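Student: Following this line is data_20.cif, made up of mmCIF, C-alpha atoms:
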```cif
data_protein
#
loop_
_atom_site.label_atom_id
_atom_site.label_comp_id
_atom_site.auth_asym_id
_atom_site.auth_seq_id
_atom_site.Cartn_x
_atom_site.Cartn_y
_atom_site.Cartn_z
CA MET J 1 1.03 -12.64 -21.27
CA LEU J 2 2.82 -13.71 -18.16
CA LEU J 3 1.46 -15.87 -15.41
CA HIS J 4 2.72 -14.43 -12.11
CA THR J 5 2.74 -16.61 -9.00
CA VAL J 6 3.04 -15.21 -5.46
CA ASN J 7 3.82 -17.70 -2.68
CA LYS J 8 4.61 -15.37 0.23
CA SER J 9 2.25 -13.76 2.70
CA PHE J 10 1.50 -10.09 2.25
CA GLU J 11 3.85 -9.41 5.17
CA ARG J 12 6.63 -9.78 2.66
CA ASN J 13 6.81 -7.43 -0.29
CA SER J 14 6.40 -10.08 -3.01
CA LEU J 15 2.77 -9.22 -3.69
CA ASP J 16 3.48 -5.50 -3.90
CA ALA J 17 6.39 -6.14 -6.24
CA CYS J 18 4.24 -8.39 -8.39
CA LEU J 19 1.32 -5.99 -8.64
CA ARG J 20 3.64 -3.11 -9.46
CA LEU J 21 5.00 -4.92 -12.51
CA ALA J 22 2.09 -7.10 -13.66
CA LYS J 23 0.45 -5.76 -16.82
CA ALA J 24 -3.24 -5.60 -17.62
CA GLY J 25 -4.26 -8.92 -19.18
CA SER J 26 -1.73 -10.95 -17.23
CA THR J 27 -2.73 -13.37 -14.49
CA VAL J 28 -1.61 -13.35 -10.88
CA LEU J 29 -2.04 -16.71 -9.14
CA LEU J 30 -1.78 -16.69 -5.33
CA ILE J 31 -0.30 -19.94 -3.98
CA GLU J 32 1.06 -21.26 -0.64
CA ASP J 33 1.22 -18.38 1.90
CA GLY J 34 0.24 -16.01 -0.90
CA VAL J 35 -3.37 -17.19 -0.61
CA TYR J 36 -4.01 -15.16 2.57
CA ALA J 37 -4.18 -12.02 0.43
CA ALA J 38 -7.28 -13.39 -1.34
CA VAL J 39 -9.37 -13.53 1.84
CA GLN J 40 -12.17 -10.96 2.23
CA GLY J 41 -11.87 -8.11 4.67
CA THR J 42 -8.12 -8.03 5.26
CA CYS J 43 -5.97 -4.94 4.94
CA LEU J 44 -5.17 -6.14 1.39
CA GLU J 45 -8.67 -6.17 -0.08
CA GLY J 46 -8.53 -2.66 -1.54
CA LYS J 47 -5.20 -3.33 -3.22
CA LEU J 48 -6.43 -6.54 -4.88
CA LYS J 49 -9.67 -4.95 -6.08
CA GLN J 50 -7.62 -2.14 -7.57
CA ALA J 51 -5.47 -4.69 -9.40
CA MET J 52 -8.57 -6.37 -10.82
CA ASP J 53 -9.91 -2.96 -11.89
CA THR J 54 -6.75 -2.38 -13.90
CA GLY J 55 -7.36 -5.59 -15.84
CA ILE J 56 -5.23 -8.10 -13.95
CA ASN J 57 -6.79 -11.53 -13.72
CA LEU J 58 -6.52 -12.78 -10.11
CA CYS J 59 -6.60 -16.45 -9.15
CA VAL J 60 -6.02 -18.38 -5.94
CA LEU J 61 -5.02 -22.02 -5.49
CA ALA J 62 -7.90 -23.63 -3.56
CA PRO J 63 -6.00 -26.53 -1.89
CA ASP J 64 -3.61 -24.01 -0.29
CA LEU J 65 -6.55 -21.94 0.91
CA LEU J 66 -8.36 -24.94 2.43
CA ALA J 67 -5.17 -26.14 4.16
CA ARG J 68 -4.96 -22.78 5.91
CA GLY J 69 -8.52 -22.89 7.23
CA PHE J 70 -10.29 -20.71 4.66
CA ALA J 71 -13.15 -21.99 2.49
CA THR J 72 -13.31 -20.68 -1.07
CA ASP J 73 -16.43 -18.66 -0.20
CA LYS J 74 -14.17 -16.43 1.93
CA VAL J 75 -12.38 -15.21 -1.18
CA ILE J 76 -12.84 -11.65 -2.48
CA ALA J 77 -15.45 -11.53 -5.27
CA GLY J 78 -13.80 -11.66 -8.68
CA ILE J 79 -10.86 -13.80 -7.65
CA ASN J 80 -11.03 -17.16 -9.35
CA ALA J 81 -10.31 -20.25 -7.20
CA VAL J 82 -8.49 -22.96 -9.15
CA ASP J 83 -7.29 -26.49 -8.37
CA TYR J 84 -3.96 -28.05 -9.40
CA ALA J 85 -5.31 -28.89 -12.85
CA GLY J 86 -6.30 -25.24 -13.17
CA PHE J 87 -2.76 -24.21 -12.19
CA VAL J 88 -1.37 -26.40 -14.98
CA GLN J 89 -3.88 -24.94 -17.43
CA LEU J 90 -2.87 -21.40 -16.47
CA ALA J 91 0.80 -22.25 -16.96
CA ALA J 92 0.00 -23.71 -20.37
CA ASP J 93 -2.15 -20.74 -21.38
CA HIS J 94 0.50 -18.12 -20.63
CA SER J 95 3.72 -17.39 -22.47
CA SER J 96 5.89 -17.73 -19.38
CA VAL J 97 5.74 -17.85 -15.61
CA GLN J 98 7.29 -15.36 -13.20
CA SER J 99 7.49 -16.67 -9.61
CA TRP J 100 7.68 -13.81 -7.09
CA LEU J 101 9.60 -15.79 -4.49
CA MET H 1 13.82 -9.34 34.15
CA SER H 2 11.22 -10.76 36.50
CA GLU H 3 11.82 -12.07 39.95
CA GLU H 4 12.76 -15.70 39.80
CA MET H 5 10.46 -18.04 41.64
CA MET H 6 12.26 -20.76 43.58
CA ASP H 7 10.93 -24.25 43.66
CA ASP H 8 12.37 -26.31 46.52
CA GLU H 9 12.83 -29.53 44.61
CA GLU H 10 13.30 -28.53 41.01
CA GLY H 11 15.28 -25.34 41.05
CA VAL H 12 14.62 -22.05 39.35
CA ILE H 13 11.49 -21.55 37.30
CA LYS H 14 11.94 -19.02 34.53
CA LYS H 15 9.47 -17.31 32.28
CA PHE H 16 9.81 -18.61 28.74
CA MET H 17 7.97 -17.02 25.85
CA TYR H 18 7.74 -18.53 22.39
CA VAL H 19 6.98 -15.80 19.86
CA ASN H 20 5.29 -17.13 16.71
CA ARG H 21 5.20 -14.82 13.69
CA LYS H 22 5.00 -17.16 10.70
CA ALA H 23 2.07 -18.75 8.90
CA PRO H 24 1.89 -22.58 8.93
CA TYR H 25 2.80 -24.82 5.94
CA GLY H 26 4.58 -22.15 3.84
CA SER H 27 7.66 -22.57 6.01
CA ILE H 28 8.77 -24.93 8.79
CA TYR H 29 8.83 -22.29 11.55
CA ALA H 30 5.36 -22.93 12.98
CA LEU H 31 5.81 -26.68 13.28
CA GLU H 32 9.34 -26.36 14.67
CA SER H 33 8.13 -23.90 17.31
CA LEU H 34 5.46 -26.35 18.39
CA GLU H 35 8.05 -29.14 18.64
CA VAL H 36 10.28 -26.99 20.83
CA VAL H 37 7.35 -25.99 23.04
CA LEU H 38 6.46 -29.65 23.58
CA ILE H 39 10.06 -30.57 24.40
CA GLY H 40 10.39 -27.57 26.69
CA ALA H 41 7.18 -28.50 28.49
CA ALA H 42 9.03 -31.40 30.11
CA PHE H 43 11.14 -28.94 32.12
CA ASP H 44 8.30 -27.44 34.19
CA GLN H 45 8.96 -23.83 33.32
CA ASP H 46 6.54 -20.90 33.15
CA VAL H 47 5.70 -21.05 29.45
CA SER H 48 3.79 -18.52 27.35
CA LEU H 49 3.07 -18.59 23.63
CA ALA H 50 2.58 -15.35 21.72
CA PHE H 51 1.01 -15.24 18.26
CA ILE H 52 1.82 -12.06 16.34
CA ASP H 53 1.56 -11.00 12.67
CA ASP H 54 1.18 -14.08 10.39
CA GLY H 55 1.63 -16.27 13.48
CA VAL H 56 -2.08 -15.86 14.22
CA TYR H 57 -2.80 -17.99 11.13
CA GLN H 58 -1.32 -21.00 12.94
CA LEU H 59 -4.42 -21.11 15.14
CA MET H 60 -7.05 -20.99 12.37
CA LYS H 61 -9.97 -23.35 12.82
CA GLY H 62 -10.86 -25.78 10.05
CA GLN H 63 -7.46 -26.38 8.44
CA ARG H 64 -7.91 -29.07 5.78
CA THR H 65 -4.51 -30.08 4.47
CA SER H 66 -5.37 -33.23 2.48
CA GLY H 67 -5.15 -31.24 -0.76
CA ILE H 68 -1.54 -30.21 -0.20
CA GLY H 69 -0.20 -33.51 1.13
CA MET H 70 0.93 -32.11 4.48
CA LYS H 71 0.00 -33.06 8.02
CA ASP H 72 -2.49 -30.78 9.74
CA PHE H 73 -0.72 -30.06 13.03
CA SER H 74 -3.29 -27.55 14.31
CA PRO H 75 -4.96 -30.09 16.70
CA THR H 76 -1.69 -30.12 18.64
CA TYR H 77 -2.45 -26.59 19.89
CA ARG H 78 -5.51 -28.04 21.63
CA ALA H 79 -3.29 -30.63 23.34
CA LEU H 80 -0.96 -28.03 24.84
CA GLU H 81 -2.98 -27.71 28.03
CA MET H 82 -2.22 -31.36 28.80
CA TYR H 83 1.42 -30.28 28.94
CA ASP H 84 0.48 -27.40 31.27
CA VAL H 85 1.04 -24.90 28.48
CA GLU H 86 -2.01 -22.76 29.04
CA LYS H 87 -0.89 -19.20 28.41
CA LEU H 88 -1.67 -18.40 24.80
CA TYR H 89 -1.65 -14.73 23.82
CA VAL H 90 -2.74 -13.28 20.51
CA ASP H 91 -2.08 -9.79 19.22
CA GLN H 92 -5.32 -7.91 18.55
CA ASP H 93 -3.88 -5.75 15.76
CA SER H 94 -2.63 -8.83 13.91
CA LEU H 95 -6.10 -10.40 14.07
CA ALA H 96 -7.79 -7.20 12.90
CA ALA H 97 -5.47 -6.78 9.91
CA ARG H 98 -6.50 -10.28 8.81
CA ASN H 99 -10.25 -9.85 9.43
CA LEU H 100 -10.10 -12.48 12.18
CA THR H 101 -11.42 -12.67 15.74
CA ALA H 102 -10.75 -15.05 18.60
CA ASP H 103 -13.81 -17.03 17.41
CA ASP H 104 -11.86 -18.04 14.29
CA LEU H 105 -9.19 -19.74 16.41
CA ILE H 106 -8.94 -23.41 17.36
CA VAL H 107 -8.11 -22.79 21.03
CA PRO H 108 -9.14 -20.28 23.71
CA VAL H 109 -6.63 -17.45 23.80
CA GLU H 110 -6.14 -14.16 25.53
CA VAL H 111 -6.25 -11.29 23.05
CA LEU H 112 -3.87 -8.47 23.93
CA SER H 113 -3.34 -4.92 22.76
CA SER H 114 0.09 -3.99 21.44
CA ALA H 115 0.92 -2.29 24.73
CA GLU H 116 -0.10 -5.33 26.74
CA MET H 117 1.88 -7.64 24.46
CA ALA H 118 4.92 -5.37 24.74
CA ASP H 119 4.71 -5.46 28.54
CA LEU H 120 4.35 -9.22 28.56
CA MET H 121 7.39 -9.69 26.32
CA GLU H 122 9.38 -7.32 28.52
CA ASP H 123 8.47 -9.41 31.56
CA GLN H 124 10.05 -12.64 30.24
CA ASP H 125 13.34 -14.23 31.27
CA VAL H 126 13.80 -16.01 27.94
CA VAL H 127 12.24 -15.18 24.57
CA LEU H 128 12.46 -17.71 21.74
CA SER H 129 11.59 -16.37 18.30
CA PHE H 130 10.02 -18.30 15.44
#
```
How does this structure look as structure tokens?
Tutor:
Amino acid sequence: MLLHTVNKSFERNSLDACLRLAKAGSTVLLIEDGVYAAVQGTCLEGKLKQAMDTGINLCVLAPDLLARGFATDKVIAGINAVDYAGFVQLAADHSSVQSWL
Amino acid sequence: MSEEMMDDEEGVIKKFMYVNRKAPYGSIYALESLEVVLIGAAFDQDVSLAFIDDGVYQLMKGQRTSGIGMKDFSPTYRALEMYDVEKLYVDQDSLAARNLTADDLIVPVEVLSSAEMADLMEDQDVVLSF
């Protein structure tokens, strides 16, 4: 399965494009400005929960979250916070990586 | 355009607004805006900063950037008042969409409705967009 990375805020359409084409069983990792979508209570929460319900594995890069003022306990339940080593592991565990720039 | 206030010694004072719409760190816009504001502060103009859309993220409390190897420039927003930059306006709808309130922000700000923000922008002599 693919590892998808999203590095743009939800103001851009990268996340929508990613979620439209990510298959069940693939992983979407939110990095850089993409991490804002993982925060509880935003206008995005419903969309991300729906993605998880369809079998997409959602992850967020913790150092990018902390840099932007959000602790990992602010993340929507079910989204897995990973560090850089976790990012590498995800890349290794998937067949290829699609970066939704 | 607003009426221009005349200052006897230093000429015309204009209303400058810096409109910030980008999140910090993911691009250079937020930091560059801050640099321009600080440079502009030397010219004794009537300066306002507006934070709209992702721009509100610039003011988040508790930014810890050690993990991404970048400088945390958020304390600089607290230093703006020393440069007589004291008019900071934040768009209420942008906060709400991000589940944020003024309490989440590193500096005191005035939270405005869309209509109030629109009026304020209309009232400026110069608008600089970041």
Student: Atom CA of Arg78 of chain H to atom CA of Asp123 of chain H: how many Å, to one decimal?
Tutor: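 We find that atom CA of Arg78 of chain H and atom CA of Asp123 of chain H lie 25.3 Å from each other.
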Student: Given the file above and the PyMOL selection byres ((chain J) within 10 of (chain H)), which residues are selected, and can you give them as an MDAnalysis selection string?
Tutor: chainID J and resid 7:11 31:34 36:37 39:44 62:71 83:84
Student: On this file, the PyMOL selection byres ((chain H and resi 81) around 12) gives some set of residues; write that set as a ChimeraX atom specification.
Tutor: /H:37-38,41,47-49,75-80,82-88,107-109
Student: Set the distance at 9 Å and use all atoms listed in the file: which residues neighbour segment 114-119 of chain H once local chain neighbours fewer than 6 positions away are removed? I'd like the list as a list in words.
Tutor: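 The contact residues come out as Ala50, Tyr89, Val90, Asp91, Gln92 and Asp93 of chain H.
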Student: Output C-alpha atoms for every residue in that selection, as a compact mmCIF listing (two decimals), in the coordinates of the input.
Tutor:
```
# COMPACT_ATOMS: atom_id res chain seq x y z
CA ALA H 50 2.58 -15.35 21.72
CA TYR H 89 -1.65 -14.73 23.82
CA VAL H 90 -2.74 -13.28 20.51
CA ASP H 91 -2.08 -9.79 19.22
CA GLN H 92 -5.32 -7.91 18.55
CA ASP H 93 -3.88 -5.75 15.76
```
Student: Taking into account only C-alpha atoms, which residue in the set H:Val127, H:Met121, H:Ile13, H:Ile28 is nearest to Phe73 of chain H?
Tutor: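 When distances to Phe73 of chain H are compared using only C-alpha atoms, the smallest one comes from H:Ile28.
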Student: Please expand the PyMOL selection byres ((chain J and resi 26-28) around 10) into the concrete residues it hits in this file, giving the result as a count of residues only.
Tutor: 32
Student: What is the atom CA of Gly55 of chain H-atom CA of Leu112 of chain H distance in Å, reported with one decimal?
Tutor: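 Calculated distance between atom CA of Gly55 of chain H and atom CA of Leu112 of chain H is 14.2 Å.
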Student: What would segment 46-71 of chain H look like with N, CA, C and O atoms restored, written as a compact mmCIF listing (two decimals), keeping the file's coordinate frame?
Tutor:
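The file below, result13.txt, is the result:
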```txt
# COMPACT_ATOMS: atom_id res chain seq x y z
N ASP H 46 7.72 -21.75 33.32
CA ASP H 46 6.54 -20.90 33.15
C ASP H 46 6.48 -20.47 31.68
O ASP H 46 7.15 -19.53 31.28
N VAL H 47 5.67 -21.20 30.90
CA VAL H 47 5.70 -21.05 29.45
C VAL H 47 4.52 -20.22 28.94
O VAL H 47 3.38 -20.44 29.33
N SER H 48 4.82 -19.27 28.06
CA SER H 48 3.79 -18.52 27.35
C SER H 48 4.04 -18.64 25.85
O SER H 48 5.19 -18.71 25.42
N LEU H 49 2.95 -18.64 25.08
CA LEU H 49 3.07 -18.59 23.63
C LEU H 49 2.42 -17.30 23.14
O LEU H 49 1.30 -16.98 23.54
N ALA H 50 3.13 -16.57 22.31
CA ALA H 50 2.58 -15.35 21.72
C ALA H 50 2.41 -15.57 20.22
O ALA H 50 3.29 -16.15 19.57
N PHE H 51 1.28 -15.13 19.70
CA PHE H 51 1.01 -15.24 18.26
C PHE H 51 0.83 -13.83 17.71
O PHE H 51 -0.10 -13.12 18.09
N ILE H 52 1.75 -13.43 16.84
CA ILE H 52 1.82 -12.06 16.34
C ILE H 52 1.94 -12.12 14.81
O ILE H 52 2.50 -13.08 14.27
N ASP H 53 1.46 -11.09 14.14
CA ASP H 53 1.56 -11.00 12.67
C ASP H 53 1.01 -12.29 12.04
O ASP H 53 -0.03 -12.78 12.46
N ASP H 54 1.70 -12.87 11.06
CA ASP H 54 1.18 -14.08 10.39
C ASP H 54 1.08 -15.27 11.34
O ASP H 54 0.45 -16.27 11.01
N GLY H 55 1.71 -15.19 12.51
CA GLY H 55 1.63 -16.27 13.48
C GLY H 55 0.20 -16.59 13.89
O GLY H 55 -0.10 -17.73 14.24
N VAL H 56 -0.69 -15.60 13.83
CA VAL H 56 -2.08 -15.86 14.22
C VAL H 56 -2.74 -16.89 13.30
O VAL H 56 -3.65 -17.61 13.72
N TYR H 57 -2.24 -17.01 12.07
CA TYR H 57 -2.80 -17.99 11.13
C TYR H 57 -2.57 -19.43 11.59
O TYR H 57 -3.28 -20.34 11.18
N GLN H 58 -1.58 -19.64 12.45
CA GLN H 58 -1.32 -21.00 12.94
C GLN H 58 -2.54 -21.57 13.66
O GLN H 58 -2.75 -22.78 13.68
N LEU H 59 -3.32 -20.67 14.28
CA LEU H 59 -4.42 -21.11 15.14
C LEU H 59 -5.77 -21.16 14.42
O LEU H 59 -6.80 -21.37 15.06
N MET H 60 -5.77 -20.98 13.10
CA MET H 60 -7.05 -20.99 12.37
C MET H 60 -7.79 -22.31 12.55
O MET H 60 -7.23 -23.38 12.47
N LYS H 61 -9.09 -22.18 12.81
CA LYS H 61 -9.97 -23.35 12.82
C LYS H 61 -10.08 -23.92 11.41
O LYS H 61 -9.94 -23.20 10.44
N GLY H 62 -10.42 -25.20 11.33
CA GLY H 62 -10.86 -25.78 10.05
C GLY H 62 -9.77 -25.92 9.01
O GLY H 62 -10.05 -25.83 7.82
N GLN H 63 -8.53 -26.17 9.42
CA GLN H 63 -7.46 -26.38 8.44
C GLN H 63 -7.64 -27.76 7.82
O GLN H 63 -7.74 -28.76 8.53
N ARG H 64 -7.71 -27.80 6.50
CA ARG H 64 -7.91 -29.07 5.78
C ARG H 64 -6.76 -29.25 4.81
O ARG H 64 -6.77 -28.70 3.71
N THR H 65 -5.77 -30.03 5.22
CA THR H 65 -4.51 -30.08 4.47
C THR H 65 -4.41 -31.24 3.49
O THR H 65 -3.37 -31.40 2.86
N SER H 66 -5.47 -32.05 3.35
CA SER H 66 -5.37 -33.23 2.48
C SER H 66 -4.98 -32.83 1.05
O SER H 66 -4.25 -33.56 0.39
N GLY H 67 -5.43 -31.67 0.61
CA GLY H 67 -5.15 -31.24 -0.76
C GLY H 67 -3.71 -30.85 -1.02
O GLY H 67 -3.31 -30.74 -2.18
N ILE H 68 -2.93 -30.61 0.03
CA ILE H 68 -1.54 -30.21 -0.20
C ILE H 68 -0.55 -31.26 0.31
O ILE H 68 0.66 -31.04 0.29
N GLY H 69 -1.08 -32.41 0.76
CA GLY H 69 -0.20 -33.51 1.13
C GLY H 69 0.66 -33.23 2.34
O GLY H 69 1.78 -33.74 2.44
N MET H 70 0.17 -32.38 3.25
CA MET H 70 0.93 -32.11 4.48
C MET H 70 0.06 -32.44 5.69
O MET H 70 -1.16 -32.42 5.61
N LYS H 71 0.74 -32.73 6.81
CA LYS H 71 0.00 -33.06 8.02
C LYS H 71 -0.57 -31.79 8.64
O LYS H 71 0.12 -30.79 8.77
```
